[in-house]
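K.L.:
Contents of protein24.cif (mmCIF, C-alpha atoms and all ligand atoms) are below:
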data_upload
loop_
_atom_site.label_atom_id
_atom_site.label_comp_id
_atom_site.auth_asym_id
_atom_site.auth_seq_id
_atom_site.Cartn_x
_atom_site.Cartn_y
_atom_site.Cartn_z
CA MET A 30 -11.33 15.84 -51.04
CA SER A 31 -14.76 17.16 -50.13
CA VAL A 32 -17.06 15.13 -47.87
CA VAL A 33 -20.09 16.36 -49.83
CA PRO A 34 -20.82 14.37 -53.03
CA SER A 35 -20.27 16.62 -56.05
CA GLY A 36 -23.87 16.11 -57.26
CA ASP A 37 -25.39 17.41 -54.00
CA VAL A 38 -26.61 21.00 -53.99
CA ILE A 39 -24.79 23.38 -51.65
CA ASN A 40 -26.80 26.52 -51.08
CA LEU A 41 -24.77 29.44 -49.77
CA GLN A 42 -27.47 31.83 -51.02
CA LEU A 43 -30.20 30.83 -48.62
CA GLY A 44 -30.30 33.28 -45.68
CA TRP A 45 -32.14 30.96 -43.34
CA PRO A 46 -31.21 29.46 -40.00
CA SER A 47 -30.90 25.68 -40.22
CA PRO A 48 -33.88 23.78 -38.76
CA ARG A 49 -31.77 21.61 -36.47
CA LEU A 50 -31.09 24.75 -34.43
CA PHE A 51 -34.71 25.64 -33.79
CA ALA A 52 -35.79 25.89 -30.16
CA GLY A 53 -38.72 23.52 -30.79
CA SER A 54 -38.83 21.82 -27.40
CA SER A 55 -38.80 25.04 -25.38
CA LEU A 56 -41.51 26.43 -27.68
CA LEU A 57 -43.53 23.31 -26.90
CA GLN A 58 -42.94 23.85 -23.21
CA GLY A 59 -44.12 27.47 -23.50
CA ALA A 60 -47.18 26.37 -25.46
CA THR A 61 -47.98 23.67 -22.90
CA GLU A 62 -47.74 26.16 -20.05
CA VAL A 63 -50.25 28.43 -21.77
CA LEU A 64 -52.63 25.80 -23.13
CA THR A 65 -52.93 23.77 -19.94
CA SER A 66 -54.21 26.83 -18.10
CA GLU A 67 -57.81 27.71 -18.84
CA ALA A 68 -57.32 31.38 -17.94
CA GLN A 69 -54.17 31.77 -20.06
CA THR A 70 -55.70 29.91 -23.01
CA ALA A 71 -58.67 32.25 -22.90
CA LYS A 72 -56.32 35.26 -23.17
CA ALA A 73 -54.21 33.62 -25.88
CA LEU A 74 -57.05 32.66 -28.20
CA ILE A 75 -58.94 35.95 -28.04
CA TYR A 76 -57.97 39.15 -29.89
CA GLY A 77 -54.82 40.74 -28.51
CA PRO A 78 -53.99 44.46 -28.23
CA HIS A 79 -52.90 46.15 -31.51
CA ILE A 80 -49.47 46.90 -30.14
CA GLY A 81 -48.90 43.27 -29.12
CA HIS A 82 -49.17 40.95 -26.11
CA THR A 83 -48.26 43.12 -23.10
CA PRO A 84 -46.34 40.46 -21.09
CA LEU A 85 -44.18 39.70 -24.15
CA ARG A 86 -43.48 43.39 -24.66
CA GLU A 87 -42.36 43.53 -21.01
CA SER A 88 -40.17 40.44 -21.21
CA ILE A 89 -38.54 41.61 -24.46
CA ALA A 90 -37.86 45.04 -22.92
CA GLN A 91 -36.18 43.38 -19.94
CA TRP A 92 -34.14 41.07 -22.14
CA LEU A 93 -32.95 43.85 -24.46
CA SER A 94 -32.14 46.13 -21.51
CA LYS A 95 -29.84 43.44 -20.18
CA ILE A 96 -28.19 42.61 -23.49
CA TYR A 97 -27.56 46.22 -24.52
CA ASN A 98 -26.94 47.49 -21.03
CA VAL A 99 -29.62 50.18 -21.32
CA THR A 100 -32.93 50.81 -19.60
CA THR A 101 -35.87 50.39 -21.87
CA SER A 102 -39.52 49.73 -21.20
CA LYS A 103 -42.37 47.99 -22.95
CA ASP A 104 -43.51 51.37 -24.25
CA ARG A 105 -40.78 51.21 -26.87
CA ILE A 106 -41.62 47.66 -27.99
CA CYS A 107 -44.40 46.53 -30.26
CA ILE A 108 -44.94 43.01 -31.53
CA THR A 109 -45.33 42.58 -35.28
CA ASN A 110 -45.55 39.65 -37.61
CA GLY A 111 -42.00 40.07 -38.87
CA ALA A 112 -39.66 42.71 -40.25
CA SER A 113 -41.12 42.61 -43.77
CA ALA A 114 -44.75 42.88 -42.70
CA ASN A 115 -43.84 45.64 -40.30
CA LEU A 116 -42.10 47.62 -43.03
CA SER A 117 -45.42 47.58 -44.82
CA ASN A 118 -47.26 48.69 -41.66
CA ILE A 119 -44.87 51.62 -41.27
CA LEU A 120 -45.43 52.72 -44.86
CA GLN A 121 -49.19 52.51 -44.48
CA LYS A 122 -49.20 54.79 -41.45
CA PHE A 123 -46.33 57.21 -42.06
CA THR A 124 -46.12 57.73 -45.81
CA ASP A 125 -48.33 58.99 -48.63
CA PRO A 126 -47.52 57.60 -52.10
CA ILE A 127 -47.89 61.09 -53.64
CA TYR A 128 -46.66 63.45 -50.92
CA THR A 129 -43.75 61.19 -49.90
CA ARG A 130 -41.27 62.06 -52.59
CA LYS A 131 -38.70 59.29 -52.50
CA ILE A 132 -37.58 56.13 -50.78
CA PHE A 133 -33.81 55.97 -50.37
CA MET A 134 -32.16 52.59 -50.02
CA VAL A 135 -28.52 51.90 -49.31
CA GLU A 136 -27.10 49.91 -52.21
CA PRO A 137 -26.32 47.06 -52.51
CA THR A 138 -29.73 46.67 -50.91
CA TYR A 139 -31.79 43.95 -49.27
CA PHE A 140 -33.67 43.19 -52.47
CA LEU A 141 -36.85 41.82 -50.88
CA ALA A 142 -37.58 45.24 -49.41
CA CYS A 143 -38.03 46.71 -52.95
CA PRO A 144 -41.37 44.99 -53.71
CA ILE A 145 -42.68 46.02 -50.28
CA PHE A 146 -42.12 49.68 -51.16
CA GLU A 147 -43.56 49.13 -54.63
CA ASP A 148 -46.66 47.41 -53.26
CA ASN A 149 -47.22 50.48 -51.09
CA GLY A 150 -47.37 52.78 -54.11
CA PHE A 151 -43.72 53.75 -54.50
CA ARG A 152 -42.87 52.10 -57.84
CA GLY A 153 -40.46 54.45 -59.65
CA LYS A 154 -39.70 56.41 -56.47
CA LEU A 155 -36.97 54.13 -55.10
CA GLU A 156 -33.48 55.57 -55.25
CA GLY A 157 -30.17 53.97 -54.33
CA VAL A 158 -27.60 55.62 -52.08
CA PRO A 159 -24.12 54.10 -52.28
CA GLU A 160 -22.76 52.32 -49.24
CA SER A 161 -19.45 53.77 -48.07
CA ALA A 162 -16.71 52.28 -45.94
CA GLU A 163 -18.49 53.88 -42.95
CA GLY A 164 -21.93 52.63 -43.99
CA ILE A 165 -23.63 55.30 -46.15
CA ASP A 166 -22.50 58.04 -48.53
CA ILE A 167 -24.00 60.97 -46.63
CA GLU A 168 -22.96 63.63 -49.18
CA PHE A 169 -24.59 61.71 -52.03
CA LEU A 170 -27.76 61.46 -49.94
CA ARG A 171 -27.70 65.15 -49.06
CA ASN A 172 -27.36 66.20 -52.73
CA THR A 173 -30.12 63.85 -53.86
CA LEU A 174 -32.41 65.08 -51.08
CA ARG A 175 -31.79 68.68 -52.12
CA MET A 176 -32.66 67.92 -55.74
CA ALA A 177 -35.75 65.96 -54.78
CA GLU A 178 -36.94 68.77 -52.52
CA ALA A 179 -36.44 71.37 -55.27
CA ALA A 180 -38.48 69.17 -57.65
CA ALA A 181 -41.25 68.76 -55.05
CA MET A 182 -41.45 72.53 -54.54
CA ALA A 183 -41.63 73.09 -58.30
CA GLU A 184 -44.55 70.62 -58.39
CA GLN A 185 -46.25 72.34 -55.44
CA ASN A 186 -46.25 69.02 -53.57
CA LYS A 187 -46.83 70.62 -50.19
CA SER A 188 -49.23 68.43 -48.21
CA PRO A 189 -50.28 64.78 -47.95
CA LYS A 190 -52.84 63.88 -50.59
CA LEU A 191 -54.18 60.49 -49.55
CA LYS A 192 -53.17 60.17 -45.91
CA SER A 193 -54.59 63.07 -43.95
CA GLY A 194 -56.77 63.44 -40.89
CA LYS A 195 -56.34 62.22 -37.35
CA SER A 196 -55.52 58.60 -38.31
CA TYR A 197 -52.21 59.84 -39.67
CA VAL A 198 -50.34 61.67 -36.95
CA LYS A 199 -47.25 62.21 -39.07
CA VAL A 200 -46.62 61.71 -42.79
CA TYR A 201 -43.00 62.02 -43.93
CA LYS A 202 -41.59 63.54 -47.08
CA TYR A 203 -38.93 60.86 -47.45
CA VAL A 204 -38.02 57.41 -46.21
CA ILE A 205 -34.42 56.31 -45.77
CA TYR A 206 -34.17 52.52 -45.52
CA VAL A 207 -31.00 51.18 -43.89
CA VAL A 208 -29.74 47.91 -42.46
CA PRO A 209 -27.14 49.52 -40.21
CA THR A 210 -25.78 46.49 -38.38
CA PHE A 211 -24.29 43.56 -40.33
CA ALA A 212 -26.11 44.70 -43.45
CA ASN A 213 -27.68 42.30 -45.86
CA PRO A 214 -25.94 41.72 -48.27
CA SER A 215 -22.66 43.51 -47.52
CA GLY A 216 -22.21 42.50 -43.87
CA LYS A 217 -21.08 46.08 -43.13
CA THR A 218 -21.87 47.98 -39.94
CA MET A 219 -22.48 51.72 -40.02
CA ASP A 220 -20.20 53.67 -37.70
CA LEU A 221 -21.53 55.95 -34.97
CA GLU A 222 -20.55 59.16 -36.73
CA SER A 223 -22.51 58.19 -39.87
CA ARG A 224 -25.51 57.23 -37.76
CA LYS A 225 -25.49 60.66 -36.14
CA LYS A 226 -25.12 62.42 -39.49
CA LEU A 227 -27.92 60.32 -40.94
CA VAL A 228 -30.32 61.26 -38.16
CA GLY A 229 -29.33 64.94 -38.54
CA LEU A 230 -30.00 64.84 -42.27
CA ALA A 231 -33.29 63.01 -41.77
CA ARG A 232 -34.46 65.73 -39.35
CA GLU A 233 -33.40 68.46 -41.75
CA PHE A 234 -35.36 66.99 -44.68
CA ASP A 235 -38.31 65.44 -42.82
CA ALA A 236 -37.26 61.88 -43.61
CA LEU A 237 -38.26 58.77 -41.71
CA VAL A 238 -35.26 56.50 -41.10
CA VAL A 239 -36.36 52.87 -41.20
CA SER A 240 -33.67 50.81 -39.52
CA ASP A 241 -34.25 47.20 -40.52
CA ASP A 242 -31.92 45.93 -37.85
CA VAL A 243 -32.57 42.20 -38.21
CA GLY A 244 -28.86 41.45 -37.91
CA SER A 245 -28.80 42.42 -34.25
CA SER A 246 -32.22 41.05 -33.30
CA SER A 247 -34.13 38.37 -35.16
CA SER A 248 -36.49 37.75 -38.04
CA GLY A 249 -38.45 34.86 -39.45
CA GLY A 250 -40.95 32.67 -37.58
CA ALA A 251 -42.62 35.84 -36.36
CA PRO A 252 -45.29 35.57 -33.66
CA SER A 253 -49.02 35.83 -34.02
CA HIS A 254 -50.88 36.81 -30.86
CA LEU A 255 -51.16 33.13 -29.90
CA THR A 256 -47.47 32.38 -30.40
CA SER A 257 -46.57 35.64 -28.61
CA THR A 258 -47.94 34.05 -25.46
CA PHE A 259 -45.65 30.99 -25.96
CA VAL A 260 -42.57 33.07 -26.70
CA ASP A 261 -43.22 35.15 -23.58
CA LYS A 262 -42.99 31.97 -21.49
CA MET A 263 -39.73 31.03 -23.22
CA LEU A 264 -38.23 34.38 -22.24
CA ARG A 265 -39.57 34.31 -18.68
CA ASN A 266 -38.17 30.85 -17.98
CA HIS A 267 -34.90 31.87 -19.73
CA HIS A 268 -35.04 28.95 -22.14
CA LEU A 269 -34.81 31.20 -25.17
CA GLN A 270 -31.84 33.15 -23.81
CA ALA A 271 -30.10 29.88 -22.86
CA HIS A 272 -30.76 28.45 -26.31
CA ILE A 273 -29.22 31.51 -27.95
CA GLU A 274 -26.18 31.43 -25.68
CA ARG A 275 -25.56 27.67 -25.55
CA VAL A 276 -26.67 26.53 -29.00
CA LEU A 277 -27.01 29.31 -31.55
CA ILE A 278 -24.00 31.48 -30.79
CA PRO A 279 -21.46 28.61 -30.53
CA VAL A 280 -22.74 26.88 -33.68
CA TYR A 281 -22.91 30.06 -35.75
CA ARG A 282 -19.50 31.11 -34.45
CA LYS A 283 -18.03 27.83 -35.73
CA ARG A 284 -19.77 28.12 -39.08
CA TYR A 285 -18.65 31.71 -39.53
CA HIS A 286 -15.04 30.87 -38.75
CA ALA A 287 -15.16 27.78 -40.98
CA LEU A 288 -16.27 30.02 -43.85
CA MET A 289 -13.68 32.70 -43.11
CA ARG A 290 -10.79 30.27 -42.67
CA CYS A 291 -11.61 28.41 -45.84
CA MET A 292 -12.01 31.64 -47.82
CA MET A 293 -8.64 32.84 -46.57
CA GLU A 294 -7.01 29.56 -47.54
CA VAL A 295 -8.46 29.10 -51.02
CA LEU A 296 -10.21 32.26 -52.23
CA LEU A 297 -7.89 35.08 -51.16
CA PRO A 298 -4.93 33.53 -53.02
CA LEU A 299 -7.09 33.70 -56.17
CA GLY A 300 -7.52 37.46 -55.72
CA VAL A 301 -10.87 37.53 -53.90
CA VAL A 302 -11.36 40.37 -51.37
CA ILE A 303 -13.64 40.20 -48.32
CA GLU A 304 -15.77 43.36 -48.32
CA SER A 305 -17.42 43.24 -44.88
CA ASN A 306 -15.94 45.83 -42.52
CA ALA A 307 -16.50 44.16 -39.14
CA PRO A 308 -13.54 44.42 -36.79
CA THR A 309 -11.69 41.12 -36.66
CA GLY A 310 -13.45 38.62 -34.46
CA VAL A 311 -16.82 40.38 -34.42
CA ALA A 312 -19.47 38.78 -36.58
CA GLY A 313 -23.21 38.97 -36.93
CA GLY A 314 -26.05 38.75 -39.39
CA PHE A 315 -25.92 35.75 -41.68
CA PHE A 316 -23.79 36.92 -44.58
CA THR A 317 -20.42 37.89 -45.91
CA TYR A 318 -19.81 39.77 -49.16
CA ILE A 319 -16.81 39.06 -51.32
CA ARG A 320 -15.37 40.90 -54.31
CA LEU A 321 -14.25 38.86 -57.29
CA PRO A 322 -10.89 39.58 -58.93
CA GLU A 323 -10.82 42.21 -61.72
CA ASP A 324 -10.18 39.76 -64.56
CA LEU A 325 -13.39 37.82 -63.90
CA PRO A 326 -16.75 38.65 -65.52
CA ALA A 327 -19.70 40.01 -63.50
CA ALA A 328 -20.65 38.05 -60.39
CA LYS A 329 -23.97 36.99 -61.93
CA ILE A 330 -22.08 35.07 -64.63
CA VAL A 331 -19.82 33.45 -62.04
CA ALA A 332 -22.94 32.55 -59.99
CA THR A 333 -24.54 30.96 -63.06
CA ILE A 334 -21.43 28.91 -63.78
CA ALA A 335 -21.32 27.84 -60.11
CA TRP A 336 -24.91 26.65 -60.30
CA ARG A 337 -24.76 24.94 -63.68
CA LYS A 338 -21.37 23.28 -63.32
CA LYS A 339 -21.01 22.73 -59.57
CA HIS A 340 -24.51 22.72 -58.06
CA LEU A 341 -23.49 25.64 -55.88
CA ARG A 342 -25.93 28.49 -55.21
CA VAL A 343 -24.60 31.93 -54.32
CA ALA A 344 -26.27 35.35 -54.40
CA PHE A 345 -24.74 37.90 -56.76
CA GLY A 346 -24.47 41.70 -56.85
CA HIS A 347 -27.07 42.36 -59.56
CA MET A 348 -29.72 41.00 -57.19
CA PHE A 349 -29.04 43.90 -54.83
CA THR A 350 -29.65 46.85 -57.16
CA VAL A 351 -32.49 49.19 -56.18
CA SER A 352 -35.42 48.36 -58.46
CA GLY A 353 -36.55 51.05 -60.84
CA ASP A 354 -33.45 53.22 -60.27
CA PRO A 355 -31.30 53.16 -63.45
CA GLY A 356 -28.50 54.93 -61.52
CA SER A 357 -28.27 52.01 -59.14
CA LEU A 358 -27.44 49.60 -61.96
CA ILE A 359 -24.96 52.04 -63.50
CA ARG A 360 -23.16 52.52 -60.17
CA GLY A 361 -23.26 48.79 -59.49
CA GLU A 362 -21.60 48.03 -62.83
CA GLN A 363 -18.85 50.65 -62.52
CA ALA A 364 -15.29 49.56 -61.74
CA GLN A 365 -15.30 48.61 -58.04
CA GLY A 366 -19.13 48.49 -58.20
CA PHE A 367 -21.14 46.04 -56.16
CA THR A 368 -22.17 43.80 -59.08
CA LYS A 369 -18.68 42.31 -58.97
CA CYS A 370 -19.51 40.75 -55.61
CA LEU A 371 -21.06 37.56 -54.25
CA ARG A 372 -22.94 37.10 -50.99
CA LEU A 373 -22.33 33.95 -49.02
CA CYS A 374 -24.44 32.77 -46.06
CA TRP A 375 -23.02 30.72 -43.23
CA ALA A 376 -26.26 30.07 -41.35
CA TRP A 377 -27.93 27.33 -43.38
CA HIS A 378 -25.27 24.63 -43.81
CA GLU A 379 -23.07 22.60 -41.48
CA GLU A 380 -19.34 23.39 -41.38
CA ALA A 381 -18.33 20.59 -43.75
CA GLU A 382 -20.82 21.75 -46.37
CA ILE A 383 -19.69 25.35 -46.01
CA LYS A 384 -16.09 24.32 -46.62
CA ALA A 385 -17.13 22.15 -49.58
CA GLY A 386 -19.06 25.12 -50.99
CA VAL A 387 -16.03 27.41 -50.75
CA LEU A 388 -13.84 24.77 -52.44
CA ARG A 389 -16.39 24.54 -55.26
CA LEU A 390 -16.35 28.31 -55.58
CA ALA A 391 -12.55 28.29 -55.81
CA ASP A 392 -12.81 25.78 -58.69
CA VAL A 393 -15.44 27.95 -60.37
CA ILE A 394 -13.18 31.01 -60.14
CA SER A 395 -10.20 29.13 -61.59
CA GLU A 396 -12.29 27.61 -64.38
CA THR A 397 -13.93 30.94 -65.23
CA ARG A 398 -10.54 32.61 -65.33
CA ASP A 399 -9.32 29.89 -67.63
CA MET A 400 -12.34 30.30 -69.94
CA SER A 401 -11.69 34.02 -70.04
CA ARG A 402 -8.00 33.55 -70.88
CA ARG A 403 -8.88 31.17 -73.66
CA GLY A 404 -11.19 33.82 -75.09
CA LEU A 405 -14.34 31.72 -74.60
CA GLY A 406 -17.55 33.77 -74.35
CA PHE A 407 -20.00 33.63 -71.45
CA GLU A 408 -23.20 33.90 -73.53
CA ASP A 409 -24.45 30.55 -72.19
CA TYR A 410 -24.18 31.79 -68.61
CA MET A 411 -26.13 35.04 -68.69
CA THR A 412 -29.38 34.11 -66.98
CA ILE A 413 -30.07 32.81 -63.53
CA GLY A 414 -32.71 33.68 -60.95
CA ILE A 415 -33.78 37.30 -60.61
CA ARG A 416 -32.17 40.24 -62.45
C1 LIG B 1 -32.47 43.04 -43.80
C2 LIG B 1 -33.59 42.06 -43.68
N1 LIG B 1 -34.84 42.51 -43.47
C3 LIG B 1 -35.88 41.68 -43.34
C4 LIG B 1 -35.71 40.30 -43.44
C5 LIG B 1 -36.92 39.41 -43.33
O1 LIG B 1 -37.43 39.49 -42.06
P1 LIG B 1 -38.82 38.77 -41.68
O2 LIG B 1 -38.66 37.32 -41.97
O3 LIG B 1 -38.98 39.05 -40.21
O4 LIG B 1 -39.89 39.40 -42.50
C6 LIG B 1 -34.43 39.79 -43.64
C7 LIG B 1 -34.23 38.34 -43.76
O5 LIG B 1 -33.19 37.86 -44.20
C8 LIG B 1 -33.35 40.68 -43.77
O6 LIG B 1 -32.10 40.24 -43.97
#
Take the structure in the file and give it back as structure tokens.
P.N.:
Amino acid sequence: MSVVPSGDVINLQLGWPSPRLFAGSSLLQGATEVLTSEAQTAKALIYGPHIGHTPLRESIAQWLSKIYNVTTSKDRICITNGASANLSNILQKFTDPIYTRKIFMVEPTYFLACPIFEDNGFRGKLEGVPESAEGIDIEFLRNTLRMAEAAAMAEQNKSPKLKSGKSYVKVYKYVIYVVPTFANPSGKTMDLESRKKLVGLAREFDALVVSDDVGSSSSGGAPSHLTSTFVDKMLRNHHLQAHIERVLIPVYRKRYHALMRCMMEVLLPLGVVIESNAPTGVAGGFFTYIRLPEDLPAAKIVATIAWRKKHLRVAFGHMFTVSGDPGSLIRGEQAQGFTKCLRLCWAWHEEAEIKAGVLRLADVISETRDMSRRGLGFEDYMTIGIR
């Protein structure tokens, strides 16, 4: 029996951290430290440098050097207002909507990146590249790049049209957008060999690789100049690091294992396969991706049934096609394609709710299978959310 009343919504779609885990009190402490000093307040409330608050860049560089066991300096760090906004910044400075021929996105893709590319003038130029077991299908990418380059030469597309002059130090012919570590949605991590090949290919074809590596750093709640000064204090007094180590990691570890254990107990026996390729015991990001059994309809239908009948929200494969690329949908809908998959998040809910959500999903799978066996159609369950 589930501890969550059956009428309550369980949302395994939402990729958000749960508010009870926020480091509110240490943020307050950081803010107090800044705002009770006249000199520091003056620096915090005035315009900051374009590249971000220098002390925060230094403290982040120190923190990352320690975590990754490397030596890095503030010169490689800039403070932005989030991964999404920064993607837009990158496109504004390093691409030209005419000269830049294509934007490649690993599919299934982080769907909210598509409108950012489109808003920057790339509608119709997005193209999916299948994810492979190692992270990205390099040969597919190479062939598509070759074709795109031949087309650009035929069109005499040889120099930037809109972005030229000294404000634009480098404009790329292509962008390759990847989430290489604990990808959203698939949870996969690209292996070292593929990363090297990807960089080699990017150099060969003058492509900018945008690595949206939120799974191994952080996103959301991004700092303005004022909040940068608070976050810097949190890093310097080690409250943020302690919060991550003592609160976030243990809680997320438990939630992740609760999800995995429950899936193994009730979903795998129904024929579900876990797609994420992380070595056993290593987890990150917020999501796992699961493949539904062959005899079930597309994941978007299963997700609609889950929502309508069980008040359970899950993200489904069709959401992760690359917008404007008909090939992406075709590949997604092929046998073994990614539209047969669901994405589940373990970050938002408590363990009991996660387990209750998985039990609901198991019921949905059994009931859908039963409907299918009885020859009932799914016409009433075709539309939900986007795509
Ligand atoms: C791959 C990826 N990129 C970007 C974001 C959003 O980042 P931000 O909130 O910093 O804009 C997310 C959030 O889930 C994400 O998964």
K.L.:
Within 10 Å of ligand LIG 1 (chain B) (counting all atoms listed in the file), which residues show up? I'd like them as a ChimeraX atom specification.
P.N.:
/A:43-46,109-116,138-142,206-214,240-244,246-252,314-316
K.L.:
May I have the selected residues written with C-alpha atoms, as a short mmCIF file (atom, residue, chain, number, x, y, z; two decimals), in the frame of the given file?
P.N.:
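The file below, selection.cif, is the result:
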data_model
loop_
_atom_site.label_atom_id
_atom_site.label_comp_id
_atom_site.auth_asym_id
_atom_site.auth_seq_id
_atom_site.Cartn_x
_atom_site.Cartn_y
_atom_site.Cartn_z
CA LEU A 43 -30.20 30.83 -48.62
CA GLY A 44 -30.30 33.28 -45.68
CA TRP A 45 -32.14 30.96 -43.34
CA PRO A 46 -31.21 29.46 -40.00
CA THR A 109 -45.33 42.58 -35.28
CA ASN A 110 -45.55 39.65 -37.61
CA GLY A 111 -42.00 40.07 -38.87
CA ALA A 112 -39.66 42.71 -40.25
CA SER A 113 -41.12 42.61 -43.77
CA ALA A 114 -44.75 42.88 -42.70
CA ASN A 115 -43.84 45.64 -40.30
CA LEU A 116 -42.10 47.62 -43.03
CA THR A 138 -29.73 46.67 -50.91
CA TYR A 139 -31.79 43.95 -49.27
CA PHE A 140 -33.67 43.19 -52.47
CA LEU A 141 -36.85 41.82 -50.88
CA ALA A 142 -37.58 45.24 -49.41
CA TYR A 206 -34.17 52.52 -45.52
CA VAL A 207 -31.00 51.18 -43.89
CA VAL A 208 -29.74 47.91 -42.46
CA PRO A 209 -27.14 49.52 -40.21
CA THR A 210 -25.78 46.49 -38.38
CA PHE A 211 -24.29 43.56 -40.33
CA ALA A 212 -26.11 44.70 -43.45
CA ASN A 213 -27.68 42.30 -45.86
CA PRO A 214 -25.94 41.72 -48.27
CA SER A 240 -33.67 50.81 -39.52
CA ASP A 241 -34.25 47.20 -40.52
CA ASP A 242 -31.92 45.93 -37.85
CA VAL A 243 -32.57 42.20 -38.21
CA GLY A 244 -28.86 41.45 -37.91
CA SER A 246 -32.22 41.05 -33.30
CA SER A 247 -34.13 38.37 -35.16
CA SER A 248 -36.49 37.75 -38.04
CA GLY A 249 -38.45 34.86 -39.45
CA GLY A 250 -40.95 32.67 -37.58
CA ALA A 251 -42.62 35.84 -36.36
CA PRO A 252 -45.29 35.57 -33.66
CA GLY A 314 -26.05 38.75 -39.39
CA PHE A 315 -25.92 35.75 -41.68
CA PHE A 316 -23.79 36.92 -44.58
#
K.L.:
If we draw a sphere of 12 Å around (-15.2, 42.6, -64.0), which residues have at least one atom in it when counting all atoms listed in the file? Please report them as a short mmCIF file (atom, residue, chain, number, x, y, z; two decimals) with C-alpha atoms, in the frame of the given file.
P.N.:
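Written file, point.cif:
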data_model
loop_
_atom_site.label_atom_id
_atom_site.label_comp_id
_atom_site.auth_asym_id
_atom_site.auth_seq_id
_atom_site.Cartn_x
_atom_site.Cartn_y
_atom_site.Cartn_z
CA ARG A 320 -15.37 40.90 -54.31
CA LEU A 321 -14.25 38.86 -57.29
CA PRO A 322 -10.89 39.58 -58.93
CA GLU A 323 -10.82 42.21 -61.72
CA ASP A 324 -10.18 39.76 -64.56
CA LEU A 325 -13.39 37.82 -63.90
CA PRO A 326 -16.75 38.65 -65.52
CA ALA A 327 -19.70 40.01 -63.50
CA ALA A 328 -20.65 38.05 -60.39
CA LYS A 329 -23.97 36.99 -61.93
CA ILE A 330 -22.08 35.07 -64.63
CA VAL A 331 -19.82 33.45 -62.04
CA GLY A 346 -24.47 41.70 -56.85
CA GLY A 361 -23.26 48.79 -59.49
CA GLU A 362 -21.60 48.03 -62.83
CA GLN A 363 -18.85 50.65 -62.52
CA ALA A 364 -15.29 49.56 -61.74
CA GLN A 365 -15.30 48.61 -58.04
CA GLY A 366 -19.13 48.49 -58.20
CA PHE A 367 -21.14 46.04 -56.16
CA THR A 368 -22.17 43.80 -59.08
CA LYS A 369 -18.68 42.31 -58.97
CA CYS A 370 -19.51 40.75 -55.61
CA THR A 397 -13.93 30.94 -65.23
CA ARG A 398 -10.54 32.61 -65.33
CA SER A 401 -11.69 34.02 -70.04
#
K.L.:
How many Å lie between CA of Gly36 (chain A) and CA of Ile334 (chain A), rounded to one decimal?
P.N.:
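That distance, rounded to one decimal, is 14.6 Å.
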K.L.:
Between CA of Phe345 (chain A) and CA of Leu371 (chain A), measure the distance and give it in Å to one decimal.
P.N.:
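Atom-to-atom, CA of Phe345 (chain A) and CA of Leu371 (chain A) are spaced 4.5 Å apart.
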K.L.:
Check the smallest atom-to-atom distance from each of A:Arg130, A:Glu222, A:Ser357, A:Gly386 to Val158 (chain A) using only C-alpha atoms, then report the winner.
P.N.:
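Counting only C-alpha atoms, the residue closest to Val158 (chain A) is A:Ser357.
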K.L.:
Find the residue from A:Phe151, A:Trp375, A:Phe259, A:Tyr97 that sits nearest to Val280 (chain A); use only C-alpha atoms when measuring.
P.N.:
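Under the stated criterion, the closest residue is A:Trp375.
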K.L.:
If I take CA of His268 (chain A) and CA of Ile383 (chain A), how far is one from the other in Å, to one decimal?
P.N.:
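Computed distance, CA of His268 (chain A) to CA of Ile383 (chain A), equals 28.6 Å.
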K.L.:
For Tyr281 (chain A), find every residue with an atom within 8 Å (counting all atoms listed in the file), except residues of its own chain fewer than 4 positions away, and show them as a list in words.
P.N.:
Leu277, Tyr285, Trp375 and Ala376 of chain A
K.L.:
I'd like the neighbourhood of region 298-304 of chain A as a PyMOL selection string, where a residue qualifies if any of its atoms comes within 8 Å (using only C-alpha atoms), though same-chain residues fewer than 3 positions away should be ignored.
P.N.:
chain A and resi 215-217+293-295+317-322+391+394-395
K.L.:
List the spatial neighbours of Phe133 (chain A) as a PyMOL selection string - criterion: any atom at most 8 Å away, all atoms listed in the file, same-chain residues fewer than 6 positions off excluded.
P.N.:
chain A and resi 155-158+203-206
K.L.:
Which one of A:Gln42, A:Thr124, A:Thr258, A:Ser117 sits closest to Pro84 (chain A) if you count only C-alpha atoms?
P.N.:
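Once distances to Pro84 (chain A) are computed over only C-alpha atoms, the minimum belongs to A:Thr258.
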K.L.:
Find the residues near Pro78 (chain A): any atom within 12 Å, counting only C-alpha atoms, skip ones fewer than 3 places away on the same chain, and give them as a PyMOL selection string.
P.N.:
chain A and resi 72-73+75+81-86+107-109+253-255+257
K.L.:
Tell me which of A:His347, A:His286, A:Lys190, A:Lys338 sits closest to Ile359 (chain A), counting all atoms listed in the file.
P.N.:
A:His347
K.L.:
Give me the residues near Gln91 (chain A) as a ChimeraX atom specification, where near means some atom within 10 Å (using all atoms listed in the file) and where sequence neighbours in that chain fewer than 3 positions away do not count.
P.N.:
/A:85-88,94-96,99-103,264-265
K.L.:
Go through A:Leu341, A:Val135, A:Ala71, A:Val38 and flag the residue nearest Ile167 (chain A), using only C-alpha atoms for the distances.
P.N.:
A:Val135
K.L.:
Smallest atom-to-atom distance to Phe169 (chain A): which of A:Leu227, A:Ile39, A:Met219, A:Ile127, using only C-alpha atoms?
P.N.:
A:Leu227
